[in-house]
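Everything below belongs to input_30.cif, which stores mmCIF, C-alpha atoms and all ligand atoms.
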```cif
data_entry
loop_
_atom_site.label_atom_id
_atom_site.label_comp_id
_atom_site.auth_asym_id
_atom_site.auth_seq_id
_atom_site.Cartn_x
_atom_site.Cartn_y
_atom_site.Cartn_z
CA MET A 19 45.66 3.03 21.98
CA GLU A 20 48.67 1.68 20.13
CA ASP A 21 49.54 -0.34 23.19
CA PHE A 22 46.09 -1.89 23.18
CA GLU A 23 46.51 -2.80 19.50
CA THR A 24 49.75 -4.65 20.30
CA TYR A 25 47.97 -6.59 23.00
CA PHE A 26 45.01 -7.33 20.74
CA GLN A 27 47.30 -9.25 18.40
CA GLN A 28 47.75 -11.81 21.18
CA LEU A 29 44.03 -12.45 21.62
CA ILE A 30 42.60 -15.82 20.68
CA ILE A 31 38.98 -16.86 20.19
CA ASN A 32 37.64 -19.02 22.98
CA GLU A 33 34.28 -20.62 23.76
CA GLU A 34 32.49 -21.10 27.07
CA GLY A 35 28.85 -21.98 27.70
CA GLY A 36 27.95 -21.40 24.05
CA ILE A 37 29.57 -17.93 23.93
CA ARG A 38 32.49 -17.14 21.63
CA PHE A 39 34.81 -14.51 23.04
CA TYR A 40 38.32 -13.09 22.85
CA SER A 41 40.80 -13.82 25.61
CA PHE A 42 44.51 -14.15 26.12
CA ASP A 43 45.82 -17.68 25.87
CA SER A 44 45.72 -19.09 29.42
CA LYS A 45 48.15 -21.89 28.43
CA LYS A 46 50.85 -19.28 27.85
CA TYR A 47 50.36 -17.84 31.35
CA SER A 48 50.20 -21.01 33.44
CA ASN A 49 52.81 -23.47 34.63
CA THR A 50 50.43 -25.69 36.54
CA GLY A 51 47.23 -25.50 34.47
CA VAL A 52 45.43 -24.12 37.57
CA ALA A 53 46.89 -20.79 38.72
CA LEU A 54 47.62 -18.11 36.14
CA LYS A 55 50.61 -15.78 36.13
CA LYS A 56 50.06 -12.17 37.14
CA SER A 57 51.60 -11.13 33.80
CA MET A 58 48.46 -12.26 31.93
CA PRO A 59 47.24 -8.94 30.43
CA VAL A 60 43.54 -9.65 31.08
CA PHE A 61 42.52 -12.54 33.28
CA TYR A 62 40.69 -15.55 31.87
CA ASN A 63 40.97 -18.93 33.56
CA PRO A 64 39.07 -21.74 31.81
CA ILE A 65 39.08 -23.73 35.08
CA GLN A 66 36.85 -21.05 36.59
CA GLU A 67 34.06 -22.11 34.19
CA PHE A 68 32.61 -24.00 37.19
CA ASN A 69 32.62 -20.82 39.32
CA ARG A 70 30.91 -18.88 36.51
CA SER A 71 28.39 -21.63 35.74
CA ILE A 72 27.29 -22.08 39.38
CA THR A 73 27.02 -18.28 39.56
CA LEU A 74 24.66 -18.26 36.56
CA ILE A 75 22.52 -20.86 38.32
CA ALA A 76 22.62 -19.01 41.67
CA TYR A 77 21.57 -15.70 40.09
CA LYS A 78 18.78 -17.23 37.99
CA ALA A 79 17.46 -19.06 41.07
CA PHE A 80 17.58 -15.72 42.89
CA GLN A 81 15.54 -14.17 40.06
CA HIS A 82 12.93 -16.92 40.56
CA ILE A 83 12.67 -16.51 44.32
CA SER A 84 12.54 -12.71 44.01
CA GLU A 85 9.71 -12.72 41.46
CA SER A 86 7.13 -12.84 44.22
CA ASP A 87 8.86 -9.88 46.00
CA ARG A 88 8.19 -7.70 42.94
CA ASN A 89 10.77 -5.29 44.29
CA PHE A 90 12.43 -4.71 40.94
CA GLU A 91 11.31 -4.39 37.35
CA ILE A 92 14.76 -4.50 35.78
CA LEU A 93 17.28 -6.79 37.43
CA LYS A 94 20.41 -4.74 38.04
CA ILE A 95 23.69 -6.65 38.28
CA CYS A 96 27.14 -5.28 38.98
CA ASP A 97 29.91 -7.61 37.77
CA SER A 98 32.51 -5.62 39.68
CA MET A 99 35.62 -7.53 38.52
CA ALA A 100 34.64 -8.50 35.03
CA ALA A 101 38.08 -9.18 33.40
CA SER A 102 37.30 -10.54 29.89
CA GLY A 103 33.56 -9.97 30.40
CA ILE A 104 32.67 -13.62 29.85
CA ARG A 105 30.73 -13.76 33.14
CA SER A 106 28.65 -10.68 32.21
CA ILE A 107 27.90 -11.91 28.68
CA ARG A 108 26.95 -15.40 29.87
CA LEU A 109 24.75 -13.84 32.56
CA PHE A 110 23.06 -11.57 30.05
CA LYS A 111 22.26 -14.51 27.79
CA PHE A 112 21.14 -16.83 30.60
CA LEU A 113 18.98 -14.64 32.85
CA LYS A 114 15.41 -13.59 32.25
CA LYS A 115 15.14 -10.11 30.70
CA PRO A 116 14.89 -7.23 31.41
CA ILE A 117 18.31 -7.00 32.99
CA GLN A 118 20.96 -4.33 33.11
CA ILE A 119 24.60 -5.27 33.79
CA MET A 120 27.46 -3.04 34.89
CA ALA A 121 30.76 -4.66 33.88
CA ASN A 122 33.61 -3.07 35.80
CA ASP A 123 37.33 -3.70 36.05
CA LEU A 124 40.26 -1.69 37.33
CA ASN A 125 42.38 -2.81 34.39
CA PRO A 126 41.71 -0.50 31.39
CA LEU A 127 42.77 -3.21 28.96
CA ALA A 128 40.03 -5.45 30.36
CA LEU A 129 37.45 -2.86 29.34
CA LYS A 130 38.77 -2.87 25.78
CA VAL A 131 38.55 -6.66 25.68
CA ILE A 132 34.99 -6.63 27.11
CA GLN A 133 34.01 -4.10 24.45
CA LYS A 134 35.45 -6.34 21.72
CA ASN A 135 33.57 -9.31 23.22
CA ILE A 136 30.29 -7.43 23.25
CA GLU A 137 30.87 -6.48 19.60
CA LEU A 138 31.67 -10.11 18.79
CA ASN A 139 28.31 -11.10 20.33
CA SER A 140 26.36 -8.18 18.87
CA GLU A 141 23.43 -10.40 17.84
CA LEU A 142 22.94 -11.15 21.54
CA VAL A 143 24.02 -8.13 23.53
CA SER A 144 24.90 -4.45 23.12
CA LEU A 145 26.74 -1.78 25.08
CA SER A 146 23.39 -0.50 26.34
CA ASP A 147 22.72 -3.92 27.97
CA ILE A 148 26.19 -4.17 29.49
CA GLU A 149 27.59 -0.80 30.54
CA LEU A 150 31.35 -0.55 31.04
CA PHE A 151 33.13 0.99 34.02
CA ASN A 152 36.84 1.33 34.76
CA GLN A 153 37.04 1.97 38.50
CA ASP A 154 38.29 0.50 41.71
CA ALA A 155 35.25 -1.60 42.70
CA ARG A 156 35.15 0.04 46.16
CA PHE A 157 34.76 3.51 44.65
CA LEU A 158 32.18 2.26 42.19
CA PHE A 159 30.14 0.75 45.07
CA GLU A 160 30.41 3.94 47.15
CA ASP A 161 29.36 5.98 44.12
CA LEU A 162 26.34 3.74 43.53
CA HIS A 163 25.45 4.08 47.21
CA ASN A 164 25.77 7.87 47.12
CA LYS A 165 23.64 8.10 43.97
CA ARG A 166 21.18 5.55 45.41
CA ILE A 167 21.56 3.33 42.33
CA TYR A 168 21.24 0.12 44.30
CA GLN A 169 21.99 -3.17 42.58
CA ASN A 170 19.95 -6.36 42.95
CA ILE A 171 23.05 -8.51 42.54
CA ILE A 172 26.73 -7.71 43.07
CA ASP A 173 29.48 -10.10 42.03
CA ILE A 174 32.89 -9.89 43.74
CA ASP A 175 35.58 -12.08 42.18
CA PRO A 176 39.00 -10.67 43.10
CA PHE A 177 42.53 -12.02 43.08
CA GLY A 178 43.05 -13.13 46.69
CA THR A 179 41.08 -11.70 49.57
CA PRO A 180 37.71 -9.99 49.05
CA ASN A 181 37.96 -8.31 52.49
CA ILE A 182 38.25 -4.69 51.31
CA PHE A 183 35.27 -4.90 48.95
CA ILE A 184 32.58 -6.39 51.16
CA GLU A 185 31.53 -3.37 53.23
CA SER A 186 31.05 -1.02 50.27
CA ALA A 187 29.28 -3.76 48.28
CA ILE A 188 26.80 -4.16 51.15
CA LYS A 189 26.09 -0.43 50.89
CA ALA A 190 25.52 -0.65 47.12
CA VAL A 191 23.18 -3.63 47.08
CA ASN A 192 19.40 -3.43 47.42
CA ILE A 193 17.75 -4.56 50.62
CA ASN A 194 16.98 -8.28 49.97
CA GLY A 195 19.64 -8.18 47.22
CA LEU A 196 22.32 -10.82 46.70
CA ILE A 197 26.13 -10.65 46.78
CA GLY A 198 28.33 -13.42 45.38
CA ILE A 199 31.84 -13.37 46.87
CA THR A 200 34.88 -15.43 45.86
CA ALA A 201 37.93 -15.74 48.14
CA THR A 202 41.12 -17.33 46.84
CA ASP A 203 43.20 -16.53 49.94
CA THR A 204 42.58 -20.05 51.21
CA ALA A 205 45.90 -20.33 53.09
CA VAL A 206 44.70 -17.41 55.21
CA LEU A 207 41.11 -18.61 55.71
CA PHE A 208 42.09 -22.26 56.28
CA GLY A 209 44.49 -21.45 59.11
CA VAL A 210 47.81 -21.96 57.33
CA ARG A 211 48.67 -18.27 57.80
CA PRO A 212 47.05 -17.40 61.15
CA SER A 213 48.61 -13.97 61.60
CA ALA A 214 47.43 -12.94 58.10
CA CYS A 215 43.90 -13.98 59.09
CA ILE A 216 43.99 -11.70 62.12
CA ARG A 217 45.36 -8.91 59.96
CA LYS A 218 42.89 -9.29 57.10
CA TYR A 219 39.75 -10.45 58.87
CA ASN A 220 40.40 -9.72 62.55
CA ILE A 221 39.50 -13.36 63.22
CA LYS A 222 41.48 -16.20 64.78
CA SER A 223 41.65 -19.00 62.20
CA LEU A 224 41.70 -22.69 63.10
CA ARG A 225 43.87 -25.18 61.25
CA SER A 226 41.68 -28.13 62.13
CA SER A 227 40.70 -31.42 60.46
CA PHE A 228 37.74 -29.51 58.92
CA LEU A 229 39.61 -26.36 57.94
CA LYS A 230 37.79 -25.66 54.66
CA GLU A 231 34.46 -25.39 56.47
CA VAL A 232 36.10 -23.06 58.99
CA GLY A 233 37.21 -20.88 56.04
CA LEU A 234 33.61 -20.53 54.84
CA ARG A 235 32.48 -19.70 58.38
CA ILE A 236 35.15 -17.01 58.75
CA LEU A 237 34.13 -15.33 55.47
CA LEU A 238 30.45 -15.40 56.47
CA TYR A 239 31.06 -13.94 59.92
CA TYR A 240 33.34 -11.28 58.46
CA SER A 241 30.60 -10.31 55.95
CA ALA A 242 27.99 -10.14 58.72
CA SER A 243 30.28 -7.95 60.82
CA ARG A 244 30.62 -5.51 57.88
CA ALA A 245 26.81 -5.38 57.46
CA HIS A 246 25.85 -4.75 61.09
CA PRO A 247 27.16 -1.15 61.41
CA TYR A 248 24.70 -0.16 58.63
CA MET A 249 21.78 -1.89 60.41
CA ASN A 250 21.96 -4.65 57.80
CA TYR A 251 22.32 -8.35 58.33
CA ILE A 252 23.24 -11.31 56.11
CA GLU A 253 21.40 -14.46 55.12
CA PRO A 254 23.74 -17.18 53.79
CA MET A 255 22.05 -18.59 50.68
CA LEU A 256 24.75 -20.88 49.26
CA SER A 257 28.33 -21.54 50.35
CA PHE A 258 30.85 -23.87 48.78
CA SER A 259 34.49 -24.76 48.64
CA SER A 260 36.09 -25.82 45.36
CA ASP A 261 39.68 -26.44 44.25
CA HIS A 262 41.67 -23.36 45.30
CA TYR A 263 38.87 -21.01 46.36
CA ILE A 264 35.68 -20.66 48.35
CA ARG A 265 32.55 -18.78 47.36
CA ILE A 266 29.54 -17.53 49.30
CA PHE A 267 26.22 -16.07 48.17
CA ILE A 268 24.63 -13.88 50.83
CA ARG A 269 21.42 -11.91 50.87
CA ILE A 270 21.41 -8.53 52.59
CA HIS A 271 18.44 -7.54 54.73
CA LYS A 272 17.73 -4.71 57.12
CA GLY A 273 16.82 -4.57 60.82
CA LYS A 274 17.90 -5.04 64.40
CA THR A 275 15.98 -8.30 64.88
CA GLY A 276 17.94 -9.86 62.02
CA ILE A 277 21.23 -8.52 63.34
CA ASN A 278 20.48 -10.16 66.68
CA LYS A 279 19.74 -13.40 64.83
CA ASN A 280 23.11 -13.06 63.03
CA LEU A 281 24.76 -12.63 66.43
CA ARG A 282 23.12 -15.83 67.68
CA ASN A 283 24.68 -17.53 64.64
CA SER A 284 28.12 -16.18 65.55
CA GLY A 285 30.61 -17.64 67.97
CA TYR A 286 33.63 -19.90 68.24
CA ILE A 287 34.61 -23.45 67.41
CA PHE A 288 36.69 -25.37 69.94
CA TRP A 289 38.68 -28.33 68.67
CA CYS A 290 40.92 -31.00 70.16
CA ARG A 291 44.01 -31.55 68.07
CA LYS A 292 44.66 -34.86 69.87
CA CYS A 293 41.30 -36.64 69.57
CA ASP A 294 39.36 -34.55 66.97
CA TRP A 295 36.54 -33.62 69.40
CA ARG A 296 34.86 -30.36 68.42
CA ARG A 297 32.14 -28.06 69.62
CA SER A 298 30.69 -24.70 68.62
CA ILE A 299 29.79 -22.09 71.20
CA GLY A 300 28.12 -18.66 70.96
CA MET A 301 29.78 -15.28 71.48
CA ASP A 302 29.52 -15.46 75.28
CA LEU A 303 32.56 -17.41 76.48
CA HIS A 304 31.67 -17.46 80.20
CA GLU A 305 30.79 -21.14 80.13
CA ALA A 306 33.63 -22.15 77.80
CA SER A 307 36.22 -24.69 78.87
CA PHE A 308 39.59 -25.05 77.19
CA SER A 309 39.96 -28.66 78.30
CA CYS A 310 38.86 -31.53 76.01
CA PRO A 311 36.05 -33.48 77.74
CA ILE A 312 37.33 -36.73 76.13
CA CYS A 313 41.11 -36.62 76.56
CA GLN A 314 41.62 -33.52 78.75
CA SER A 315 44.09 -32.02 76.25
CA LYS A 316 44.15 -28.26 75.85
CA LEU A 317 41.65 -27.23 73.17
CA ASP A 318 42.44 -24.98 70.23
CA TYR A 319 39.78 -22.55 68.98
CA GLY A 320 38.86 -20.29 66.08
CA GLY A 321 36.58 -17.29 65.84
CA PRO A 322 34.56 -15.32 66.00
CA LEU A 323 33.01 -17.11 63.04
CA TRP A 324 29.64 -18.14 61.65
CA ILE A 325 28.21 -21.14 63.53
CA GLY A 326 24.77 -21.18 61.85
CA SER A 327 23.59 -22.68 58.56
CA LEU A 328 25.81 -22.16 55.54
CA ASN A 329 22.92 -22.36 53.08
CA ASN A 330 19.24 -21.65 52.68
CA SER A 331 17.70 -25.05 51.91
CA GLU A 332 14.77 -23.68 49.85
CA TYR A 333 17.17 -21.65 47.77
CA VAL A 334 19.44 -24.67 47.23
CA THR A 335 16.36 -26.61 46.02
CA GLU A 336 15.57 -23.71 43.66
CA CYS A 337 19.17 -23.82 42.38
CA ILE A 338 18.83 -27.56 41.74
CA LYS A 339 15.56 -27.01 39.82
CA THR A 340 17.13 -24.20 37.79
CA LEU A 341 20.11 -26.40 36.99
CA GLU A 342 17.94 -29.34 35.93
CA ASP A 343 16.11 -27.04 33.50
CA SER A 344 19.40 -25.79 31.99
CA GLU A 345 21.22 -27.21 28.97
CA LYS A 346 24.70 -28.69 29.38
CA SER A 347 25.81 -26.61 26.39
CA VAL A 348 25.08 -23.47 28.46
CA ILE A 349 26.23 -24.86 31.84
CA PRO A 350 29.19 -27.08 30.89
CA SER A 351 29.81 -28.36 34.44
CA LYS A 352 26.14 -29.21 34.97
CA LYS A 353 26.92 -32.72 36.28
CA LYS A 354 29.52 -31.53 38.80
CA ILE A 355 27.29 -28.68 40.03
CA LEU A 356 24.34 -31.03 40.45
CA LYS A 357 26.45 -33.42 42.52
CA ILE A 358 27.69 -30.60 44.74
CA LEU A 359 24.27 -28.97 45.21
CA ASN A 360 22.73 -32.33 46.10
CA MET A 361 25.36 -32.88 48.79
CA ILE A 362 25.00 -29.31 50.08
CA SER A 363 21.25 -29.81 50.48
CA PHE A 364 21.93 -32.39 53.25
CA GLU A 365 24.92 -30.76 54.96
CA ASP A 366 23.27 -28.05 57.00
CA LYS A 367 21.35 -30.23 59.42
CA PHE A 368 24.62 -31.29 61.06
CA PRO A 369 26.73 -29.47 63.64
CA PRO A 370 29.72 -27.43 62.41
CA GLY A 371 32.77 -29.44 61.35
CA TYR A 372 33.02 -32.47 59.08
CA PHE A 373 34.80 -35.70 59.98
CA ASP A 374 37.74 -36.48 57.73
CA LEU A 375 37.71 -40.29 57.76
CA HIS A 376 41.28 -40.58 56.47
CA LYS A 377 42.62 -38.30 59.18
CA ILE A 378 40.71 -40.16 61.92
CA CYS A 379 41.99 -43.55 60.65
CA ASP A 380 45.53 -42.13 60.59
CA MET A 381 45.06 -40.90 64.14
CA LEU A 382 43.92 -44.40 65.18
CA ASN A 383 46.71 -46.00 63.20
CA ILE A 384 44.28 -48.28 61.37
CA SER A 385 43.79 -48.97 57.68
CA VAL A 386 41.97 -46.18 55.89
CA ALA A 387 38.22 -46.72 55.67
CA LYS A 388 37.18 -46.44 52.04
CA LYS A 389 33.61 -47.77 52.15
CA THR A 390 32.05 -44.41 52.95
CA GLU A 391 28.48 -45.53 52.09
CA LEU A 392 28.77 -48.45 54.51
CA ILE A 393 30.10 -46.16 57.24
CA LEU A 394 27.20 -43.75 56.70
CA GLU A 395 24.74 -46.64 56.92
CA SER A 396 26.34 -47.97 60.12
CA ILE A 397 26.18 -44.53 61.74
CA ARG A 398 22.47 -44.35 60.86
CA ASN A 399 21.99 -47.85 62.34
CA LEU A 400 23.45 -46.50 65.60
CA GLY A 401 20.60 -43.96 65.65
CA TYR A 402 22.54 -40.95 64.37
CA ASP A 403 22.38 -39.22 61.03
CA ALA A 404 25.19 -38.81 58.50
CA ALA A 405 25.84 -37.64 54.96
CA ARG A 406 28.70 -36.93 52.59
CA THR A 407 30.05 -33.40 52.29
CA HIS A 408 30.91 -31.62 49.03
CA ILE A 409 33.96 -30.11 50.74
CA GLU A 410 36.08 -33.28 50.98
CA PRO A 411 35.38 -36.53 49.13
CA ARG A 412 36.84 -38.50 52.05
CA ALA A 413 34.85 -36.71 54.75
CA ILE A 414 31.35 -36.95 56.19
CA LYS A 415 29.03 -34.73 58.21
CA SER A 416 27.28 -36.34 61.16
CA ASN A 417 25.87 -35.77 64.63
CA VAL A 418 27.63 -38.93 65.86
CA PRO A 419 30.00 -38.31 68.81
CA ILE A 420 33.64 -38.71 67.81
CA GLU A 421 34.18 -41.65 70.25
CA ARG A 422 31.31 -43.62 68.64
CA LEU A 423 32.68 -42.90 65.18
CA LYS A 424 36.13 -44.07 66.23
CA SER A 425 34.81 -47.35 67.71
CA LEU A 426 32.91 -47.96 64.49
CA LEU A 427 36.02 -47.40 62.37
CA ILE A 428 38.07 -49.69 64.67
CA ASP A 429 35.34 -52.31 64.37
CA PHE A 430 35.46 -52.03 60.55
CA HIS A 431 39.24 -52.39 60.69
CA GLN A 432 39.09 -55.46 62.93
CA LYS A 433 36.48 -57.10 60.73
CA ASN A 434 38.62 -56.17 57.75
CA ILE A 435 35.83 -54.12 56.14
CA ILE A 436 37.84 -51.46 54.35
C1 LIG B 501 39.94 -13.15 39.17
S1 LIG B 501 39.78 -11.86 38.03
C2 LIG B 501 38.06 -11.82 37.67
C3 LIG B 501 37.61 -12.91 36.78
C4 LIG B 501 36.27 -12.76 36.16
N1 LIG B 501 35.25 -12.43 37.15
C5 LIG B 501 35.90 -14.00 35.40
O1 LIG B 501 34.91 -14.68 35.75
O2 LIG B 501 36.61 -14.35 34.45
C6 LIG B 501 39.98 -10.44 39.03
C7 LIG B 501 39.81 -9.14 38.26
O3 LIG B 501 39.70 -8.09 39.23
C8 LIG B 501 40.32 -6.94 38.68
N2 LIG B 501 40.61 -6.07 39.84
C9 LIG B 501 41.63 -6.15 40.72
N3 LIG B 501 41.49 -5.21 41.68
C10 LIG B 501 40.36 -4.54 41.40
C11 LIG B 501 39.67 -3.46 42.02
N4 LIG B 501 40.16 -2.90 43.14
N5 LIG B 501 38.53 -3.03 41.47
C12 LIG B 501 38.05 -3.58 40.33
N6 LIG B 501 38.66 -4.60 39.68
C13 LIG B 501 39.80 -5.07 40.22
C14 LIG B 501 41.52 -7.46 37.96
O4 LIG B 501 41.95 -6.54 36.97
C15 LIG B 501 40.96 -8.77 37.37
O5 LIG B 501 40.50 -8.56 36.05
#
```
Output the file's structure in the form of structure tokens.
Ligand SMILES: C[S@@+](CC[C@H](N)C(=O)[O-])C[C@H]1O[C@@H](n2cnc3c(N)ncnc32)[C@H](O)[C@@H]1O
Amino acid sequence: MEDFETYFQQLIINEEGGIRFYSFDSKKYSNTGVALKKSMPVFYNPIQEFNRSITLIAYKAFQHISESDRNFEILKICDSMAASGIRSIRLFKFLKKPIQIMANDLNPLALKVIQKNIELNSELVSLSDIELFNQDARFLFEDLHNKRIYQNIIDIDPFGTPNIFIESAIKAVNINGLIGITATDTAVLFGVRPSACIRKYNIKSLRSSFLKEVGLRILLYYSASRAHPYMNYIEPMLSFSSDHYIRIFIRIHKGKTGINKNLRNSGYIFWCRKCDWRRSIGMDLHEASFSCPICQSKLDYGGPLWIGSLNNSEYVTECIKTLEDSEKSVIPSKKKILKILNMISFEDKFPPGYFDLHKICDMLNISVAKKTELILESIRNLGYDAARTHIEPRAIKSNVPIERLKSLLIDFHQKNII
């Protein structure tokens, strides 16, 4: 206890989304202003406000769409890696009551800080609204499964890979429940560390021109593969990439028909390093060719991964509505989230893989095309469809063949439209 008291002297009062809370001073534990040092006694990263705010929106939108299901009276949430507890307290304030939150963390000091933060916000929340647990999240999930205390929502927000938590979380969530999963092991998922990806996910990564989307697809396929042995399947509700992490929200359902549907959404992506041609293909590789149909180079590939939709469009619309009805004082990054959700709502109608316009211009050795809106319009005039992607500001999603896109960019360059 004395040790805790020494640590407590270092706590400062912070504010996020209208909640005052104790945390350690992130400035003292960061060289870059982004990543925090492991020596920080209890994690709190102000930059992750965006992650927490979009999570509040995603869970409230889930509450709305589940109202008609009437499959729960009290919304049960497990914040399995709660750290300072700010996510749990903000969720408790933001979501429609009645709700019951389990705030868990492996770090015992975190629990002490969460307790202090609940006491600091005693006019809003009590220890009977947010129950505290100090366990390895995997054991907590298994325990919940064994006791049949299924949760409607589980939040997984680890340091690094979430791989070891997903299977037990799937067992602890209600059928039709939602799991939010953060992954910060982007070097692994984006193909920079291919052998680590095989080791951690049993999947061949692909360091392509659209590597961040591949990362999302790997995490989704991996989650589906953990669900299938329990006769469960996943429904991707919302997936995004931001700064140094990716995050997916998946719903868990039951049944063989759905598993088969998941398997039809699983497969491989083939990609030509030389000309940027790409194609997705299902799990059956009998018809696959490893030769690029445009330049005959040997194709690279990644998988198995998720080749279906990354989002549920009705749910994304519900998230947008929820966000529009929310105050900026409660959702500080409201503007940024709105921009991202609006882009996401158009992304799913296109085939896997975005086109990075800078990389294509580099490949063609022409000046970099900056007038993205004009390029999108020209693609549409050619009879194809195109939209921006939230993943890369300089990239677009489109069903235009790569050769047509290249001729268009060359034409822009020759006419000096840059
Ligand atoms: C990135 S922080 C979570 C941040 C928090 N969700 C927030 O929004 O501020 C990761 C947390 O997971 C905790 N943790 C690490 N391994 C764990 C495990 N196996 N089970 C439960 N918690 C764990 C760490 O102590 C740390 O507090």
message: Applying 7 Å and all atoms listed in the file, which residues near range 248-253 of chain A remain after dropping the ones on its own chain fewer than 4 positions away? List them as a list of chain:residue names.
response: A:Ala242, A:Ile268, A:Arg269, A:Ile270, A:His271, A:Lys272, A:Gly273, A:Lys274, A:Gly276, A:Ile277, A:Asn280
Could you give me the axis-aligned bounding box of ligand LIG 501 (chain B), with 6 Å of padding per side, as centre plus edge lengths in Å to one decimal, as lines of an AutoDock Vina configuration file?
```
center_x = 38.4
center_y = -8.8
center_z = 38.8
size_x = 19.0
size_y = 23.8
size_z = 20.7
```
field: Atomic separation - CA of Val60 in chain A relative to CA of Gly195 in chain A, Å
entry: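 Taking CA of Gly195 in chain A and CA of Val60 in chain A, their separation equals 28.9 Å.
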May I ask you to write as an mmCIF file with C-alpha atoms, in the frame of the given file all residues lying at most 9 Å from ligand LIG 501 (chain B), with all atoms listed in the file counted?
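Written output follows (out_7.cif):
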```cif
data_model
loop_
_atom_site.group_PDB
_atom_site.id
_atom_site.type_symbol
_atom_site.label_atom_id
_atom_site.label_comp_id
_atom_site.auth_asym_id
_atom_site.auth_seq_id
_atom_site.Cartn_x
_atom_site.Cartn_y
_atom_site.Cartn_z
ATOM 1 C CA PRO A 59 47.240 -8.940 30.430
ATOM 2 C CA VAL A 60 43.540 -9.650 31.080
ATOM 3 C CA PHE A 61 42.520 -12.540 33.280
ATOM 4 C CA TYR A 62 40.690 -15.550 31.870
ATOM 5 C CA ASN A 63 40.970 -18.930 33.560
ATOM 6 C CA PRO A 64 39.070 -21.740 31.810
ATOM 7 C CA GLN A 66 36.850 -21.050 36.590
ATOM 8 C CA GLU A 67 34.060 -22.110 34.190
ATOM 9 C CA ASN A 69 32.620 -20.820 39.320
ATOM 10 C CA ARG A 70 30.910 -18.880 36.510
ATOM 11 C CA ASP A 97 29.910 -7.610 37.770
ATOM 12 C CA SER A 98 32.510 -5.620 39.680
ATOM 13 C CA MET A 99 35.620 -7.530 38.520
ATOM 14 C CA ALA A 100 34.640 -8.500 35.030
ATOM 15 C CA ALA A 101 38.080 -9.180 33.400
ATOM 16 C CA SER A 102 37.300 -10.540 29.890
ATOM 17 C CA GLY A 103 33.560 -9.970 30.400
ATOM 18 C CA ILE A 104 32.670 -13.620 29.850
ATOM 19 C CA ARG A 105 30.730 -13.760 33.140
ATOM 20 C CA SER A 106 28.650 -10.680 32.210
ATOM 21 C CA ASN A 122 33.610 -3.070 35.800
ATOM 22 C CA ASP A 123 37.330 -3.700 36.050
ATOM 23 C CA LEU A 124 40.260 -1.690 37.330
ATOM 24 C CA ASN A 125 42.380 -2.810 34.390
ATOM 25 C CA PRO A 126 41.710 -0.500 31.390
ATOM 26 C CA LEU A 127 42.770 -3.210 28.960
ATOM 27 C CA ALA A 128 40.030 -5.450 30.360
ATOM 28 C CA ASN A 152 36.840 1.330 34.760
ATOM 29 C CA GLN A 153 37.040 1.970 38.500
ATOM 30 C CA ASP A 154 38.290 0.500 41.710
ATOM 31 C CA ALA A 155 35.250 -1.600 42.700
ATOM 32 C CA ARG A 156 35.150 0.040 46.160
ATOM 33 C CA PHE A 157 34.760 3.510 44.650
ATOM 34 C CA LEU A 158 32.180 2.260 42.190
ATOM 35 C CA ASP A 173 29.480 -10.100 42.030
ATOM 36 C CA ILE A 174 32.890 -9.890 43.740
ATOM 37 C CA ASP A 175 35.580 -12.080 42.180
ATOM 38 C CA PRO A 176 39.000 -10.670 43.100
ATOM 39 C CA PHE A 177 42.530 -12.020 43.080
ATOM 40 C CA GLY A 178 43.050 -13.130 46.690
ATOM 41 C CA ILE A 182 38.250 -4.690 51.310
ATOM 42 C CA PHE A 183 35.270 -4.900 48.950
ATOM 43 C CA THR A 200 34.880 -15.430 45.860
ATOM 44 C CA THR A 202 41.120 -17.330 46.840
#
```
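For the pair CA of Ile148 in chain A and CA of Ile119 in chain A, the separation is 4.7 Å.
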field: One-decimal distance in Å that lies between CA of Lys130 in chain A and CA of Ile30 in chain A
entry: 14.4 Å
Selection near Arg398 in chain A, 12 Å with all atoms listed in the file, sequence-local residues under 3 positions removed, as a PyMOL selection string: chain A and resi 391-395+401-405+415-418+422-423+426
Using the incomplete input, complete range 230-236 of chain A to the level of N, CA and C atoms; output as a short mmCIF file (atom, residue, chain, number, x, y, z; two decimals), in the frame of the given file.
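Writing done, so here's result23.cif:
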```
data_model
loop_
_atom_site.label_atom_id
_atom_site.label_comp_id
_atom_site.auth_asym_id
_atom_site.auth_seq_id
_atom_site.Cartn_x
_atom_site.Cartn_y
_atom_site.Cartn_z
N LYS A 230 38.44 -26.36 55.78
CA LYS A 230 37.79 -25.66 54.66
C LYS A 230 36.42 -25.12 55.10
N GLU A 231 35.76 -25.88 55.96
CA GLU A 231 34.46 -25.39 56.47
C GLU A 231 34.69 -24.18 57.37
N VAL A 232 35.77 -24.21 58.13
CA VAL A 232 36.10 -23.06 58.99
C VAL A 232 36.31 -21.82 58.11
N GLY A 233 36.98 -22.00 56.96
CA GLY A 233 37.21 -20.88 56.04
C GLY A 233 35.90 -20.24 55.60
N LEU A 234 34.93 -21.06 55.24
CA LEU A 234 33.61 -20.53 54.84
C LEU A 234 32.98 -19.77 56.00
N ARG A 235 33.11 -20.32 57.20
CA ARG A 235 32.48 -19.70 58.38
C ARG A 235 33.15 -18.37 58.74
N ILE A 236 34.45 -18.28 58.49
CA ILE A 236 35.15 -17.01 58.75
C ILE A 236 34.65 -15.94 57.76
#
```
